[in-house]
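Structure file start18.tsv with TSV, C-alpha atoms:
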```
chain	number	residue	atom	x	y	z
A	1	MET	CA	107.21	30.66	-141.61
A	2	PRO	CA	103.49	30.14	-142.38
A	3	GLN	CA	104.24	27.27	-144.78
A	4	PRO	CA	107.09	24.74	-145.09
A	5	TRP	CA	110.07	25.35	-147.36
A	6	TRP	CA	108.83	22.65	-149.69
A	7	GLN	CA	105.32	22.71	-151.10
A	8	MET	CA	104.56	19.40	-152.75
A	9	ALA	CA	101.46	19.58	-154.88
A	10	ARG	CA	100.28	18.16	-158.16
A	11	GLN	CA	98.91	20.38	-160.92
A	12	GLU	CA	96.11	19.23	-163.22
A	13	MET	CA	98.06	20.40	-166.28
A	14	SER	CA	101.79	20.20	-166.91
A	15	LEU	CA	103.81	23.41	-167.13
A	16	VAL	CA	104.48	23.00	-170.85
A	17	SER	CA	100.81	22.27	-171.56
A	18	PHE	CA	99.79	25.31	-169.54
A	19	LEU	CA	102.17	27.54	-171.51
A	20	ARG	CA	100.93	26.18	-174.82
A	21	SER	CA	97.32	26.67	-173.78
A	22	ASN	CA	98.16	30.35	-173.32
A	23	GLY	CA	99.74	30.64	-176.77
A	24	ILE	CA	103.37	30.25	-175.68
A	25	THR	CA	105.04	27.64	-177.87
A	26	HIS	CA	108.57	29.05	-177.68
A	27	VAL	CA	110.91	30.44	-175.05
A	28	LEU	CA	113.84	32.79	-175.63
A	29	ARG	CA	117.59	32.56	-175.11
A	30	ASN	CA	119.47	35.68	-174.02
A	31	ASP	CA	120.45	36.27	-177.67
A	32	GLU	CA	116.69	36.42	-178.40
A	33	SER	CA	116.75	33.20	-180.45
A	34	GLN	CA	113.71	30.97	-179.95
A	35	VAL	CA	113.53	27.46	-178.50
A	36	GLU	CA	110.43	25.28	-178.37
A	37	THR	CA	108.86	24.89	-174.94
A	38	LYS	CA	109.28	21.11	-175.18
A	39	VAL	CA	112.93	21.71	-174.18
A	40	LEU	CA	111.56	22.04	-170.64
A	41	GLU	CA	110.05	18.56	-170.59
A	42	GLY	CA	111.76	16.07	-168.26
A	43	LYS	CA	113.58	18.82	-166.36
A	44	ILE	CA	113.16	20.48	-163.00
A	45	VAL	CA	112.14	24.02	-163.92
A	46	GLY	CA	112.58	27.14	-161.83
A	47	LEU	CA	110.19	29.93	-162.80
A	48	LEU	CA	112.00	33.13	-161.88
A	49	PHE	CA	109.58	36.01	-161.25
A	50	SER	CA	111.69	39.15	-161.32
A	51	VAL	CA	111.76	42.79	-162.40
A	52	GLU	CA	114.78	44.80	-163.54
A	53	SER	CA	114.15	47.89	-161.39
A	54	ASN	CA	113.96	46.02	-158.06
A	55	LYS	CA	117.18	45.83	-156.00
A	56	SER	CA	116.17	42.61	-154.23
A	57	CYS	CA	115.50	41.03	-157.62
A	58	SER	CA	118.92	42.11	-158.89
A	59	ASN	CA	120.62	40.68	-155.80
A	60	PHE	CA	118.84	37.35	-156.16
A	61	VAL	CA	119.58	37.15	-159.89
A	62	ASN	CA	123.27	37.62	-159.06
A	63	LYS	CA	123.07	34.86	-156.46
A	64	LEU	CA	121.36	32.55	-158.94
A	65	LEU	CA	123.98	33.37	-161.56
A	66	GLY	CA	126.63	32.21	-159.13
A	67	ILE	CA	125.15	28.71	-158.74
A	68	TYR	CA	123.34	28.14	-162.04
A	69	ASP	CA	126.20	26.37	-163.84
A	70	GLU	CA	126.95	24.26	-160.78
A	71	ILE	CA	123.33	23.10	-160.52
A	72	GLN	CA	123.37	22.33	-164.23
A	73	LYS	CA	126.35	20.02	-163.73
A	74	ILE	CA	124.82	18.37	-160.65
A	75	SER	CA	121.47	17.88	-162.36
A	76	THR	CA	122.91	16.00	-165.34
A	77	ALA	CA	125.46	13.93	-163.40
A	78	GLY	CA	124.86	10.19	-163.47
A	79	ALA	CA	122.80	8.01	-165.77
A	80	GLY	CA	119.54	8.83	-164.01
A	81	GLY	CA	120.16	12.56	-163.70
A	82	VAL	CA	117.38	14.99	-164.54
A	83	GLY	CA	118.06	18.34	-166.10
A	84	PHE	CA	117.49	21.74	-164.55
A	85	GLU	CA	116.43	24.94	-166.24
A	86	VAL	CA	115.42	28.42	-165.17
A	87	VAL	CA	112.77	30.38	-167.05
A	88	PHE	CA	112.61	34.14	-166.54
A	89	VAL	CA	109.06	35.44	-166.05
A	90	SER	CA	109.39	39.19	-166.36
A	91	GLY	CA	107.47	41.72	-164.34
A	92	ASP	CA	108.90	44.60	-166.40
A	93	THR	CA	106.42	47.01	-167.95
A	94	ASP	CA	108.59	47.93	-170.95
A	95	GLU	CA	110.45	45.76	-173.42
A	96	ALA	CA	113.74	47.64	-173.05
A	97	SER	CA	113.94	46.73	-169.36
A	98	PHE	CA	112.98	43.14	-170.20
A	99	LYS	CA	115.79	42.85	-172.74
A	100	GLN	CA	118.26	44.44	-170.35
A	101	SER	CA	117.39	41.84	-167.71
A	102	MET	CA	117.51	38.96	-170.18
A	103	LYS	CA	121.02	39.82	-171.42
A	104	LYS	CA	122.44	39.08	-167.97
A	105	MET	CA	120.82	35.67	-167.79
A	106	PRO	CA	122.26	32.45	-169.27
A	107	TRP	CA	118.88	30.74	-168.89
A	108	LEU	CA	115.63	30.94	-170.85
A	109	ALA	CA	112.84	33.51	-170.73
A	110	LEU	CA	109.19	33.76	-171.63
A	111	PRO	CA	108.55	36.21	-174.48
A	112	PHE	CA	107.79	39.77	-173.33
A	113	ASP	CA	104.09	40.42	-172.92
A	114	VAL	CA	103.35	44.13	-172.92
A	115	LYS	CA	100.06	43.55	-171.12
A	116	GLY	CA	101.61	41.20	-168.58
A	117	ALA	CA	98.80	38.71	-169.05
A	118	THR	CA	101.02	35.60	-169.09
A	119	THR	CA	102.93	36.72	-166.01
A	120	ALA	CA	99.67	37.40	-164.18
A	121	LYS	CA	98.26	33.96	-165.08
A	122	LEU	CA	101.38	32.16	-163.92
A	123	ALA	CA	101.45	34.22	-160.72
A	124	ARG	CA	97.85	33.26	-159.96
A	125	ARG	CA	98.48	29.60	-160.81
A	126	PHE	CA	101.43	29.35	-158.42
A	127	LYS	CA	100.19	31.94	-155.88
A	128	VAL	CA	103.14	34.26	-156.37
A	129	GLU	CA	102.63	37.48	-154.41
A	130	VAL	CA	106.08	39.10	-154.33
A	131	MET	CA	109.16	39.46	-156.50
A	132	PRO	CA	111.68	38.00	-156.58
A	133	SER	CA	110.18	34.51	-156.42
A	134	LEU	CA	111.42	31.18	-157.68
A	135	VAL	CA	108.74	28.53	-158.23
A	136	LEU	CA	110.14	25.01	-158.62
A	137	VAL	CA	108.29	22.50	-160.79
A	138	GLY	CA	109.24	18.80	-160.86
A	139	SER	CA	110.62	17.00	-163.88
A	140	ASN	CA	107.21	15.48	-164.66
A	141	GLY	CA	105.90	19.00	-165.24
A	142	THR	CA	102.97	18.62	-162.84
A	143	THR	CA	104.54	18.37	-159.37
A	144	LEU	CA	105.05	21.68	-157.60
A	145	LEU	CA	108.19	21.14	-155.52
A	146	SER	CA	108.17	24.50	-153.80
A	147	ARG	CA	106.91	28.04	-154.07
A	148	TYR	CA	109.84	29.10	-151.94
A	149	GLY	CA	112.76	28.44	-154.25
A	150	TYR	CA	114.01	31.94	-153.43
A	151	SER	CA	114.43	30.98	-149.76
A	152	LEU	CA	115.94	27.58	-150.56
A	153	VAL	CA	118.56	29.03	-152.90
A	154	THR	CA	119.34	31.87	-150.48
A	155	ARG	CA	119.76	29.43	-147.62
A	156	PHE	CA	121.44	26.40	-149.20
A	157	GLY	CA	122.73	27.58	-152.57
A	158	SER	CA	123.37	24.81	-155.11
A	159	LYS	CA	123.12	22.20	-152.34
A	160	ALA	CA	119.33	22.69	-152.39
A	161	PHE	CA	119.03	20.76	-155.66
A	162	PRO	CA	116.90	18.69	-156.38
A	163	PHE	CA	114.64	20.65	-154.01
A	164	THR	CA	112.68	17.65	-152.74
A	165	GLN	CA	111.13	17.50	-149.28
A	166	GLU	CA	113.42	14.70	-148.10
A	167	HIS	CA	116.56	16.40	-149.39
A	168	ILE	CA	115.72	19.76	-147.78
A	169	ARG	CA	115.03	18.07	-144.44
A	170	ASP	CA	118.44	16.39	-144.59
A	171	LEU	CA	120.07	19.77	-145.23
A	172	GLU	CA	118.18	21.30	-142.31
A	173	LYS	CA	119.42	18.53	-139.98
A	174	VAL	CA	123.02	19.22	-140.97
A	175	GLU	CA	122.45	22.95	-140.54
A	176	ASP	CA	120.95	22.42	-137.07
A	177	GLN	CA	123.88	20.21	-136.04
A	178	ASN	CA	126.38	22.87	-137.13
A	179	ALA	CA	124.43	25.57	-135.29
A	180	SER	CA	124.46	23.51	-132.09
A	181	LYS	CA	128.25	23.91	-131.99
A	182	LEU	CA	128.08	27.73	-132.08
A	183	PRO	CA	127.88	30.09	-129.06
A	184	VAL	CA	124.26	30.80	-128.11
A	185	GLU	CA	125.11	34.47	-127.70
A	186	LEU	CA	127.80	36.78	-129.03
A	187	LYS	CA	128.68	40.46	-128.89
A	188	ASP	CA	129.35	41.99	-132.30
A	189	GLY	CA	131.65	44.99	-132.49
A	190	ALA	CA	129.14	46.95	-134.59
A	191	HIS	CA	126.14	46.56	-132.26
A	192	GLU	CA	125.60	47.61	-128.64
A	193	HIS	CA	123.53	44.60	-127.52
A	194	VAL	CA	124.31	40.93	-127.12
A	195	LEU	CA	123.06	38.89	-130.12
A	196	LEU	CA	121.30	35.55	-129.69
A	197	LEU	CA	121.65	32.57	-132.01
A	198	VAL	CA	118.14	31.94	-133.39
A	199	LYS	CA	116.50	30.15	-136.29
A	200	ASP	CA	114.05	32.01	-138.53
A	201	PRO	CA	113.51	35.08	-136.28
A	202	TYR	CA	110.59	36.37	-138.37
A	203	ASP	CA	107.33	34.82	-139.50
A	204	ASN	CA	108.27	34.85	-143.17
A	205	ALA	CA	111.61	33.20	-142.31
A	206	MET	CA	113.58	35.84	-144.21
A	207	PHE	CA	115.84	38.51	-142.76
A	208	THR	CA	118.21	41.11	-144.15
A	209	CYS	CA	121.74	41.00	-142.81
A	210	ASP	CA	122.59	44.40	-141.33
A	211	LYS	CA	126.25	43.98	-142.30
A	212	CYS	CA	126.23	42.77	-145.92
A	213	GLN	CA	122.66	43.96	-146.65
A	214	GLU	CA	121.77	40.67	-148.32
A	215	ASP	CA	118.78	38.49	-147.52
A	216	GLY	CA	119.15	35.39	-145.43
A	217	CYS	CA	117.11	32.67	-143.79
A	218	GLY	CA	117.59	29.92	-141.27
A	219	TRP	CA	120.07	30.42	-138.44
A	220	CYS	CA	121.40	33.89	-137.65
A	221	TYR	CA	122.50	36.10	-134.76
A	222	HIS	CA	119.57	38.29	-133.79
A	223	CYS	CA	118.79	41.22	-131.51
A	224	LYS	CA	115.08	41.13	-130.71
A	225	GLU	CA	115.11	44.64	-129.22
A	226	CYS	CA	116.54	46.27	-132.36
A	227	SER	CA	115.56	43.72	-135.07
A	228	TYR	CA	119.25	43.57	-135.87
A	229	ASP	CA	120.36	40.44	-137.76
A	230	LEU	CA	123.63	39.02	-139.01
A	231	HIS	CA	124.53	36.01	-141.13
A	232	LEU	CA	126.54	33.48	-139.18
A	233	ASP	CA	129.61	34.25	-141.28
A	234	CYS	CA	129.14	38.03	-141.08
A	235	ILE	CA	129.46	38.44	-137.32
A	236	LYS	CA	132.77	39.63	-135.90
A	237	PRO	CA	132.61	38.75	-132.22
A	238	VAL	CA	134.26	40.97	-129.63
A	239	PRO	CA	136.97	38.91	-127.91
A	240	LYS	CA	135.70	37.80	-124.54
A	241	THR	CA	138.02	36.37	-121.90
A	242	PRO	CA	136.43	33.30	-120.30
A	243	VAL	CA	135.68	33.54	-116.58
A	244	LYS	CA	137.99	30.61	-115.82
A	245	GLU	CA	140.92	32.32	-117.54
A	246	ILE	CA	140.33	35.52	-115.55
A	247	LYS	CA	140.24	33.55	-112.25
A	248	ASP	CA	143.42	31.67	-113.17
A	249	ALA	CA	145.20	34.95	-113.99
A	250	LYS	CA	144.15	36.48	-110.63
A	251	ASP	CA	145.38	33.39	-108.78
A	252	GLN	CA	148.73	33.60	-110.57
A	253	ILE	CA	149.12	37.26	-109.60
A	254	LYS	CA	148.31	36.43	-105.95
A	255	ASP	CA	150.86	33.62	-105.94
A	256	LYS	CA	153.52	35.96	-107.33
A	257	LYS	CA	152.78	38.54	-104.63
A	258	ASP	CA	153.09	35.89	-101.92
A	259	GLN	CA	156.40	34.71	-103.37
A	260	ILE	CA	157.79	38.26	-103.39
A	261	LYS	CA	156.68	38.82	-99.76
A	262	ASP	CA	158.37	35.59	-98.63
A	263	ALA	CA	161.57	36.56	-100.44
A	264	MET	CA	161.61	39.98	-98.75
A	265	ASP	CA	161.13	38.38	-95.33
A	266	GLN	CA	164.06	36.03	-95.96
A	267	ILE	CA	166.28	38.93	-96.95
A	268	LYS	CA	165.43	40.79	-93.75
A	269	ASP	CA	166.33	37.76	-91.62
A	270	SER	CA	169.64	36.99	-93.38
A	271	PRO	CA	173.05	37.51	-91.55
A	272	SER	CA	174.25	39.96	-94.14
A	273	THR	CA	171.23	42.10	-93.49
A	274	GLN	CA	171.88	42.02	-89.75
A	275	ILE	CA	175.50	43.12	-90.32
A	276	GLU	CA	174.37	45.88	-92.63
A	277	GLY	CA	171.91	46.95	-89.95
A	278	LYS	CA	174.66	47.21	-87.27
A	279	ALA	CA	176.94	49.09	-89.63
A	280	GLY	CA	174.17	51.49	-90.38
A	281	ALA	CA	173.57	52.11	-86.68
A	282	MET	CA	177.29	52.82	-86.12
A	283	MET	CA	177.32	55.29	-88.99
A	284	ASP	CA	174.33	57.11	-87.53
A	285	THR	CA	176.09	57.36	-84.13
A	286	PHE	CA	179.24	58.66	-85.78
A	287	LYS	CA	177.23	61.23	-87.70
A	288	GLN	CA	175.57	62.39	-84.51
A	289	ARG	CA	178.92	62.68	-82.70
A	290	LYS	CA	180.49	64.37	-85.66
A	291	GLY	CA	177.72	66.88	-85.61
A	292	SER	CA	178.27	67.65	-81.90
A	293	THR	CA	182.06	68.12	-82.38
A	294	SER	CA	181.47	70.54	-85.22
A	295	VAL	CA	179.22	72.67	-83.04
A	296	ALA	CA	181.88	72.80	-80.26
A	297	LEU	CA	184.65	73.85	-82.68
A	298	ILE	CA	182.53	76.62	-84.08
A	299	SER	CA	181.83	77.90	-80.56
A	300	VAL	CA	185.54	78.00	-79.67
A	301	VAL	CA	186.35	79.90	-82.86
A	302	LEU	CA	183.67	82.47	-82.10
A	303	ILE	CA	185.01	82.97	-78.57
A	304	LEU	CA	188.55	83.46	-79.88
A	305	LEU	CA	187.40	85.97	-82.44
A	306	THR	CA	185.56	87.87	-79.74
A	307	LEU	CA	188.66	87.98	-77.52
A	308	LEU	CA	190.79	89.19	-80.39
A	309	TRP	CA	188.33	91.99	-81.08
A	310	VAL	CA	188.29	93.02	-77.42
A	311	LEU	CA	192.09	93.00	-77.23
A	312	GLY	CA	192.31	95.03	-80.38
A	313	PHE	CA	189.82	97.57	-79.07
A	314	LEU	CA	191.67	97.90	-75.75
A	315	GLY	CA	195.08	98.18	-77.47
A	316	ARG	CA	193.78	100.97	-79.75
A	317	LYS	CA	192.36	102.86	-76.76
A	318	PHE	CA	195.64	102.53	-74.81
A	319	PHE	CA	197.63	103.80	-77.81
A	320	LEU	CA	195.40	106.88	-78.24
A	321	GLU	CA	195.57	107.83	-74.58
A	322	LYS	CA	199.37	107.56	-74.52
A	323	LYS	CA	199.63	109.71	-77.64
A	324	ASN	CA	197.46	112.42	-76.11
A	325	ALA	CA	199.53	112.43	-72.92
A	326	ALA	CA	202.76	113.00	-74.83
```
Will you turn the file into structure tokens for me?
Amino acid sequence: MPQPWWQMARQEMSLVSFLRSNGITHVLRNDESQVETKVLEGKIVGLLFSVESNKSCSNFVNKLLGIYDEIQKISTAGAGGVGFEVVFVSGDTDEASFKQSMKKMPWLALPFDVKGATTAKLARRFKVEVMPSLVLVGSNGTTLLSRYGYSLVTRFGSKAFPFTQEHIRDLEKVEDQNASKLPVELKDGAHEHVLLLVKDPYDNAMFTCDKCQEDGCGWCYHCKECSYDLHLDCIKPVPKTPVKEIKDAKDQIKDKKDQIKDAMDQIKDSPSTQIEGKAGAMMDTFKQRKGSTSVALISVVLILLTLLWVLGFLGRKFFLEKKNAA
């Protein structure tokens, strides 16, 4: 990322004073009732630059909705707690879209400016170039905590509060420690290449998860060849049998084969096997002899049949000759 997550800087004029100098003395609730801008004094303020028609803006608003109440509770906990408030700075070009956005938001909003002059001035003041953006201003109203509140909330959620440099660095250390316990590479079932565990794979430190289609930052599983990225909790690794387990399984199979071979050899050498072998040999001899005897009997029968036929032929001839002589 070209700049750090945090961006400590001091403004010459407080946020409330800047708003008043531009004619904004009140902010709006989502029921369109007005509240004086002094309600922002003494609080950490997140300026939410967003537009209704942008999908990324809608996704981030939903994410912020999920942690807003929790941050509110954290921010006011303890005697020395400072408050937290979000102020919607609309990039909508029509009031209907502005009101539609504001109805979803439990936080405050700057009044709609059809010309967009106030939004443009705030964007220039805090160097906002894209939407959505969340600019975080300290409780004194002059300290710019970070221009990258969008990334901090996306990465750490409510844990990012109070968004100070020291606190974010502590969160990063914990995140790095957790990442060090993960596999450096994994194969996801939905992608053909092996994914590497990397931190901030792109210059702007943001990526879009190819599984859930939501933005992310920090550690992820990344395919450099395809620019394919997954949140750490979105990857579904293909089961991979460790090399040691495969070797152990092969050794077990070899041992079993050797045991079977030894058992077969023992069976062959046993007395019962020897007896069975002799019995088998005797049976074969008997079968051979039995076969020879059968052939001899058949031959005798054929000879007898032949003799009977000859005798019959001769007897018939003798009978005919005697009959003719009479």
Do you have, as a Markdown table, the list of residues of stretch 99-199 of chain A lying at most 7 Å from stretch 215-234 of chain A, each with its nearest atom pair and that distance in Å to one decimal, counting all atoms listed in the file and ordered by chain then number?
```
| residue | atom | partner | partner_atom | distance |
| --- | --- | --- | --- | --- |
| A:Ser151 | CA | A:Cys217 | CA | 6.8 |
| A:Thr154 | CA | A:Gly216 | CA | 6.2 |
| A:Arg155 | CA | A:Cys217 | CA | 5.7 |
| A:Leu195 | CA | A:Cys223 | CA | 5.1 |
| A:Leu196 | CA | A:His222 | CA | 5.2 |
| A:Leu197 | CA | A:Tyr221 | CA | 4.6 |
| A:Val198 | CA | A:Trp219 | CA | 5.6 |
| A:Lys199 | CA | A:Trp219 | CA | 4.2 |
```
| Residue nearest A:Ser146 - candidates A:Lys103, A:Gln259, A:Val45, A:Thr76, atoms counted: only C-alpha atoms | A:Val45
Shell of 6 Å around stretch 30-42 of chain A, only C-alpha atoms, local chain residues under 6 positions omitted, as a PDB file with C-alpha atoms, keeping the file's coordinate frame:
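Contents of the output file part02.pdb:
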```pdb
ATOM      1  CA  MET A 102     117.510  38.960-170.180  1.00  0.00           C
ATOM      2  CA  LYS A 103     121.020  39.820-171.420  1.00  0.00           C
ATOM      3  CA  SER A 139     110.620  17.000-163.880  1.00  0.00           C
ATOM      4  CA  ASN A 140     107.210  15.480-164.660  1.00  0.00           C
TER       5      ASN A 140
END
```
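Going from atom CA of A:Arg20 to atom CA of A:Gly116 covers 16.3 Å.
Distance-wise, atom CA of A:Glu95 and atom CA of A:Asp113 end up 8.3 Å apart.
In terms of minimum interatomic distance to A:Glu129, A:Ser50 ranks closest within A:Ser50, A:Asn324, A:Leu108, A:Glu214, counting all atoms listed in the file.
Atom CA of A:Ala160 is positioned 16.8 Å from atom CA of A:Asn178.
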| query | stretch 68-73 of chain A: which residues within 8 Å, counting only C-alpha atoms, same-chain residues fewer than 2 positions away excluded, as a VMD selection string? | reply | chain A and resid 64 to 66 75 to 77 83 to 85 158 161
| task | Using only C-alpha atoms, determine which residues lie at most 9 Å from A:Met131, disregarding the query and same-chain residues fewer than 6 positions distant; provide the list as a count of residues only. | result | 8
| remark: Shortest contact to A:Val153, candidates A:Thr208, A:Gln213, A:Ser17, A:Asn62, atoms counted all atoms listed in the file, goes to A:Asn62
| field | Residue nearest A:Lys55 - candidates A:Pro132, A:Gly138, A:Gly23, A:Pro111, atoms counted: all atoms listed in the file | value | A:Pro132
Kindly compute an axis-aligned box around the listed atoms of stretch 17-29 of chain A, allowing 5 Å on each side, and express its centre and edge lengths in Å to one decimal as JSON.
```
{"center_x": 107.5, "center_y": 27.5, "center_z": -173.7, "size_x": 30.3, "size_y": 20.5, "size_z": 18.3}
```
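Using only C-alpha atoms, the protein and nucleic acid residues lying at most 10 Å from the point (104.0, 28.2, -160.4) are Gln11, Leu15, Val45, Gly46, Leu47, Leu48, Phe49, Lys121, Leu122, Ala123, Arg124, Arg125, Phe126, Lys127, Val128, Ser133, Leu134, Val135, Leu136, Val137, Thr142, Thr143, Leu144, Leu145, Ser146 and Arg147 of chain A.
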Could you save the residues just selected, with C-alpha atoms, as a PDB file, keeping the file's coordinate frame?
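Heads up, here's the output in result-v1.pdb:
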```
ATOM      1  CA  GLN A  11      98.910  20.380-160.920  1.00  0.00           C
ATOM      2  CA  LEU A  15     103.810  23.410-167.130  1.00  0.00           C
ATOM      3  CA  VAL A  45     112.140  24.020-163.920  1.00  0.00           C
ATOM      4  CA  GLY A  46     112.580  27.140-161.830  1.00  0.00           C
ATOM      5  CA  LEU A  47     110.190  29.930-162.800  1.00  0.00           C
ATOM      6  CA  LEU A  48     112.000  33.130-161.880  1.00  0.00           C
ATOM      7  CA  PHE A  49     109.580  36.010-161.250  1.00  0.00           C
ATOM      8  CA  LYS A 121      98.260  33.960-165.080  1.00  0.00           C
ATOM      9  CA  LEU A 122     101.380  32.160-163.920  1.00  0.00           C
ATOM     10  CA  ALA A 123     101.450  34.220-160.720  1.00  0.00           C
ATOM     11  CA  ARG A 124      97.850  33.260-159.960  1.00  0.00           C
ATOM     12  CA  ARG A 125      98.480  29.600-160.810  1.00  0.00           C
ATOM     13  CA  PHE A 126     101.430  29.350-158.420  1.00  0.00           C
ATOM     14  CA  LYS A 127     100.190  31.940-155.880  1.00  0.00           C
ATOM     15  CA  VAL A 128     103.140  34.260-156.370  1.00  0.00           C
ATOM     16  CA  SER A 133     110.180  34.510-156.420  1.00  0.00           C
ATOM     17  CA  LEU A 134     111.420  31.180-157.680  1.00  0.00           C
ATOM     18  CA  VAL A 135     108.740  28.530-158.230  1.00  0.00           C
ATOM     19  CA  LEU A 136     110.140  25.010-158.620  1.00  0.00           C
ATOM     20  CA  VAL A 137     108.290  22.500-160.790  1.00  0.00           C
ATOM     21  CA  THR A 142     102.970  18.620-162.840  1.00  0.00           C
ATOM     22  CA  THR A 143     104.540  18.370-159.370  1.00  0.00           C
ATOM     23  CA  LEU A 144     105.050  21.680-157.600  1.00  0.00           C
ATOM     24  CA  LEU A 145     108.190  21.140-155.520  1.00  0.00           C
ATOM     25  CA  SER A 146     108.170  24.500-153.800  1.00  0.00           C
ATOM     26  CA  ARG A 147     106.910  28.040-154.070  1.00  0.00           C
TER      27      ARG A 147
END
```
